[in-house]
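For reference, the structure is listed below as structure tokens.
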Amino acid sequence: MGCVHGTKILTEEDIDFIAKNTAMDKAQVENQYQSFLKKHPDGRISRKSFHTMMKECYPGADTEKLERHIFRMYDSNKDGHIDFREFMIVLYIMSNGSPEENLKQIFRVFDINNDGTISLKELQKIVRDLFLLINDTNADQASQEVLVKTDPLSQEVLVKTAFNEMDENHDGQISQLEFIEACMAQKKFSTMLTLKIIDVFISDEHSM
């Protein structure tokens, strides 16, 4: 993307890339970009804007910790902003992609240090941050789920069970393939965590 007076400009290369990687034609990409600019005049979403959007989705909840993980899924070049190209690719995959493509995006949420694997410590952090948000916004859920949300011991059992489900070769880390296969096989705890992340993503998507 080019830049004029601080505003990101959509280049022909960007349009071609988005059209190639989504089902949209070039005219539709242009239209989407104009809509995007109305909400984000400088052509990209800053961390501050993203924080505001998360707050709108979850009023009164502590979104700050989880939003860092969701932001990372979008910000593929790690420059601290979500540009239109990054935004459209993730949005399209999550809306129209295959289950495997969706899970590749969600894997990036769990892979905090971007090393291509999920450690037990990373899974613990995501679960803690995720249930902090859910606990603030859905306090009237079924009693068993509330117990998991509010009881650190139950959360630890959930993390270890999910980790063992996913870590097929028991090498102490979860590869992208292991993560996808565990979710595709609908292993109970792996699927539950993944669906929670998708719920947050869908809520967030509507405010962009």
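If you're wondering about the labels, chains in the structure tokens are A, B, ... by order shown, residues count from 1 in each chain, ligands from 1 in order shown.
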
Residues near stretch 22-37 of chain A, cut-off 9 Å, only C-alpha atoms, skip fewer than 5 positions along chain, as a VMD selection string: chain A and resid 10 15 to 17 42 to 44 84 88 to 89 92 to 93 96 to 97 208

With only C-alpha atoms as the counted atoms, please give the residues lying no more than 7 Å from A:His81, apart from itself and same-chain residues fewer than 2 positions off, as a PyMOL selection string. chain A and resi 44-47+75+79+83

I need the chosen residues saved as a PDB file, in the first residue's frame, with all heavy atoms.
ATOM      1  N   ARG A  44      -6.223   2.710   7.692  1.00  0.00           N
ATOM      2  CA  ARG A  44      -5.800   1.569   8.512  1.00  0.00           C
ATOM      3  C   ARG A  44      -6.386   1.695   9.911  1.00  0.00           C
ATOM      4  O   ARG A  44      -6.803   2.775  10.332  1.00  0.00           O
ATOM      5  CB  ARG A  44      -4.280   1.468   8.562  1.00  0.00           C
ATOM      6  CG  ARG A  44      -3.584   2.693   9.095  1.00  0.00           C
ATOM      7  CD  ARG A  44      -2.089   2.564   8.934  1.00  0.00           C
ATOM      8  NE  ARG A  44      -1.388   3.627   9.665  1.00  0.00           N
ATOM      9  CZ  ARG A  44      -0.084   3.678   9.843  1.00  0.00           C
ATOM     10  NH1 ARG A  44       0.675   2.728   9.339  1.00  0.00           N
ATOM     11  NH2 ARG A  44       0.481   4.657  10.514  1.00  0.00           N
ATOM     12  N   ILE A  45      -6.419   0.567  10.620  1.00  0.00           N
ATOM     13  CA  ILE A  45      -6.989   0.524  11.967  1.00  0.00           C
ATOM     14  C   ILE A  45      -5.841   0.487  12.969  1.00  0.00           C
ATOM     15  O   ILE A  45      -5.007  -0.421  12.939  1.00  0.00           O
ATOM     16  CB  ILE A  45      -7.878  -0.728  12.148  1.00  0.00           C
ATOM     17  CG1 ILE A  45      -8.997  -0.752  11.106  1.00  0.00           C
ATOM     18  CG2 ILE A  45      -8.463  -0.780  13.554  1.00  0.00           C
ATOM     19  CD1 ILE A  45      -9.766  -2.067  11.037  1.00  0.00           C
ATOM     20  N   SER A  46      -5.796   1.477  13.835  1.00  0.00           N
ATOM     21  CA  SER A  46      -4.744   1.522  14.854  1.00  0.00           C
ATOM     22  C   SER A  46      -5.152   0.657  16.049  1.00  0.00           C
ATOM     23  O   SER A  46      -6.304   0.234  16.170  1.00  0.00           O
ATOM     24  CB  SER A  46      -4.544   2.967  15.334  1.00  0.00           C
ATOM     25  OG  SER A  46      -5.722   3.404  16.017  1.00  0.00           O
ATOM     26  N   ARG A  47      -4.194   0.412  16.934  1.00  0.00           N
ATOM     27  CA  ARG A  47      -4.516  -0.333  18.152  1.00  0.00           C
ATOM     28  C   ARG A  47      -5.593   0.389  18.962  1.00  0.00           C
ATOM     29  O   ARG A  47      -6.473  -0.242  19.553  1.00  0.00           O
ATOM     30  CB  ARG A  47      -3.241  -0.489  19.005  1.00  0.00           C
ATOM     31  CG  ARG A  47      -2.260  -1.522  18.514  1.00  0.00           C
ATOM     32  CD  ARG A  47      -2.802  -2.940  18.582  1.00  0.00           C
ATOM     33  NE  ARG A  47      -3.132  -3.359  19.924  1.00  0.00           N
ATOM     34  CZ  ARG A  47      -2.313  -3.974  20.759  1.00  0.00           C
ATOM     35  NH1 ARG A  47      -1.088  -4.251  20.371  1.00  0.00           N
ATOM     36  NH2 ARG A  47      -2.701  -4.334  21.956  1.00  0.00           N
ATOM     37  N   ASP A  75      -2.998  -8.433  12.058  1.00  0.00           N
ATOM     38  CA  ASP A  75      -1.785  -7.667  11.737  1.00  0.00           C
ATOM     39  C   ASP A  75      -0.667  -8.612  11.284  1.00  0.00           C
ATOM     40  O   ASP A  75       0.302  -8.845  11.997  1.00  0.00           O
ATOM     41  CB  ASP A  75      -1.361  -6.859  12.969  1.00  0.00           C
ATOM     42  CG  ASP A  75      -0.164  -5.954  12.695  1.00  0.00           C
ATOM     43  OD1 ASP A  75       0.099  -5.664  11.505  1.00  0.00           O
ATOM     44  OD2 ASP A  75       0.502  -5.554  13.667  1.00  0.00           O
ATOM     45  N   ASP A  79       3.123  -4.548  11.971  1.00  0.00           N
ATOM     46  CA  ASP A  79       3.530  -3.137  12.025  1.00  0.00           C
ATOM     47  C   ASP A  79       2.696  -2.323  13.013  1.00  0.00           C
ATOM     48  O   ASP A  79       2.834  -1.107  13.095  1.00  0.00           O
ATOM     49  CB  ASP A  79       3.469  -2.502  10.628  1.00  0.00           C
ATOM     50  CG  ASP A  79       2.040  -2.341  10.114  1.00  0.00           C
ATOM     51  OD1 ASP A  79       1.101  -2.893  10.733  1.00  0.00           O
ATOM     52  OD2 ASP A  79       1.861  -1.655   9.083  1.00  0.00           O
ATOM     53  N   ASP A  83      -4.079  -2.842   8.034  1.00  0.00           N
ATOM     54  CA  ASP A  83      -4.421  -2.117   6.809  1.00  0.00           C
ATOM     55  C   ASP A  83      -5.557  -2.842   6.084  1.00  0.00           C
ATOM     56  O   ASP A  83      -5.978  -3.930   6.486  1.00  0.00           O
ATOM     57  CB  ASP A  83      -3.200  -1.899   5.914  1.00  0.00           C
ATOM     58  CG  ASP A  83      -2.587  -3.199   5.402  1.00  0.00           C
ATOM     59  OD1 ASP A  83      -3.332  -4.144   5.100  1.00  0.00           O
ATOM     60  OD2 ASP A  83      -1.338  -3.262   5.278  1.00  0.00           O
TER      61      ASP A  83
END

Write down as a PyMOL selection string the residues of stretch 38-117 of chain A whose backbone DSSP state falls under strand (DSSP E or B). chain A and resi 44-46+81-83+117

Requested write-out: C-alpha atoms of the selected residues, as a PDB file, in the first residue's frame:
ATOM      1  CA  ARG A  44      -5.800   1.569   8.512  1.00  0.00           C
ATOM      2  CA  ILE A  45      -6.989   0.524  11.967  1.00  0.00           C
ATOM      3  CA  SER A  46      -4.744   1.522  14.854  1.00  0.00           C
ATOM      4  CA  HIS A  81      -1.788  -1.424  12.362  1.00  0.00           C
ATOM      5  CA  ILE A  82      -4.400  -3.340  10.386  1.00  0.00           C
ATOM      6  CA  ASP A  83      -4.421  -2.117   6.809  1.00  0.00           C
ATOM      7  CA  THR A 117       3.718 -23.675  17.636  1.00  0.00           C
TER       8      THR A 117
END

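As for atom CA of A:Leu193 and atom CA of A:Lys125, they are spaced 12.4 Å apart.
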
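With only C-alpha atoms as the atoms that count, the residue of A:Lys55, A:Lys187, A:His170, A:Lys20 with the shortest distance to A:Arg85 is A:Lys20.
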
Counting only C-alpha atoms, what is within 10 Å of stretch 196-198 of chain A, bar same-chain residues fewer than 5 positions away, as an NGL selection string? :A and (66 or 69-70 or 94 or 102-103 or 106 or 109-110 or 126-127 or 130-131 or 134 or 191 or 203-204)

Skip A:Gln173 itself and residues of its chain fewer than 4 positions away, then list as a ChimeraX atom specification all residues within 9 Å of it, counting only C-alpha atoms. /A:117-120,163,166-167,169

Take the residues that were just selected and, keeping all heavy atoms, output them as a compact mmCIF listing (two decimals), in the first residue's frame.
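What ended up in selection_11.txt:
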# COMPACT_ATOMS: atom_id res chain seq x y z
N THR A 117 4.25 -22.65 16.74
CA THR A 117 3.72 -23.68 17.64
C THR A 117 3.00 -23.00 18.81
O THR A 117 3.22 -21.83 19.10
CB THR A 117 4.83 -24.59 18.20
OG1 THR A 117 5.75 -23.80 18.96
CG2 THR A 117 5.57 -25.32 17.10
N ILE A 118 2.15 -23.78 19.49
CA ILE A 118 1.46 -23.30 20.69
C ILE A 118 2.04 -24.06 21.88
O ILE A 118 2.03 -25.29 21.90
CB ILE A 118 -0.06 -23.55 20.62
CG1 ILE A 118 -0.67 -22.89 19.39
CG2 ILE A 118 -0.74 -23.03 21.90
CD1 ILE A 118 -2.11 -23.33 19.11
N SER A 119 2.56 -23.32 22.87
CA SER A 119 3.08 -23.95 24.09
C SER A 119 1.96 -24.01 25.12
O SER A 119 0.92 -23.36 24.99
CB SER A 119 4.25 -23.13 24.65
OG SER A 119 3.78 -21.86 25.10
N LEU A 120 2.18 -24.80 26.17
CA LEU A 120 1.20 -24.87 27.26
C LEU A 120 1.00 -23.50 27.88
O LEU A 120 -0.12 -23.09 28.19
CB LEU A 120 1.67 -25.88 28.31
CG LEU A 120 0.74 -26.08 29.52
CD1 LEU A 120 -0.62 -26.62 29.09
CD2 LEU A 120 1.37 -27.02 30.55
N PHE A 163 -4.82 -29.18 25.77
CA PHE A 163 -3.44 -29.30 25.28
C PHE A 163 -3.12 -30.76 24.94
O PHE A 163 -2.54 -31.05 23.89
CB PHE A 163 -2.46 -28.77 26.33
CG PHE A 163 -1.07 -28.57 25.80
CD1 PHE A 163 -0.72 -27.37 25.18
CD2 PHE A 163 -0.10 -29.56 25.90
CE1 PHE A 163 0.57 -27.17 24.67
CE2 PHE A 163 1.17 -29.37 25.40
CZ PHE A 163 1.51 -28.18 24.78
N MET A 166 -4.71 -31.86 21.71
CA MET A 166 -4.09 -31.32 20.50
C MET A 166 -2.68 -31.85 20.26
O MET A 166 -2.28 -32.06 19.11
CB MET A 166 -4.03 -29.78 20.59
CG MET A 166 -5.38 -29.10 20.60
SD MET A 166 -5.15 -27.30 20.66
CE MET A 166 -6.75 -26.74 21.21
N ASP A 167 -1.92 -32.04 21.34
CA ASP A 167 -0.51 -32.42 21.21
C ASP A 167 -0.41 -33.92 20.89
O ASP A 167 -0.05 -34.74 21.74
CB ASP A 167 0.24 -32.08 22.49
CG ASP A 167 1.74 -32.34 22.38
OD1 ASP A 167 2.23 -32.47 21.24
OD2 ASP A 167 2.40 -32.40 23.43
N ASN A 169 1.65 -35.81 19.17
CA ASN A 169 2.91 -36.56 19.30
C ASN A 169 3.58 -36.36 20.67
O ASN A 169 4.70 -36.81 20.90
CB ASN A 169 3.89 -36.20 18.18
CG ASN A 169 4.30 -34.73 18.22
OD1 ASN A 169 3.89 -33.99 19.12
ND2 ASN A 169 5.09 -34.30 17.25

Long-range neighbours of A:Glu122 as a ChimeraX atom specification, 12 Å cut-off, only C-alpha atoms, 6 positions minimum in chain: /A:69,107-116,128-129,159-160,163,172-174

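If only C-alpha atoms are the atoms counted, then among A:Glu100, A:Val90, A:Gln155, A:Glu181 the closest residue to A:Ile202 is A:Val90.
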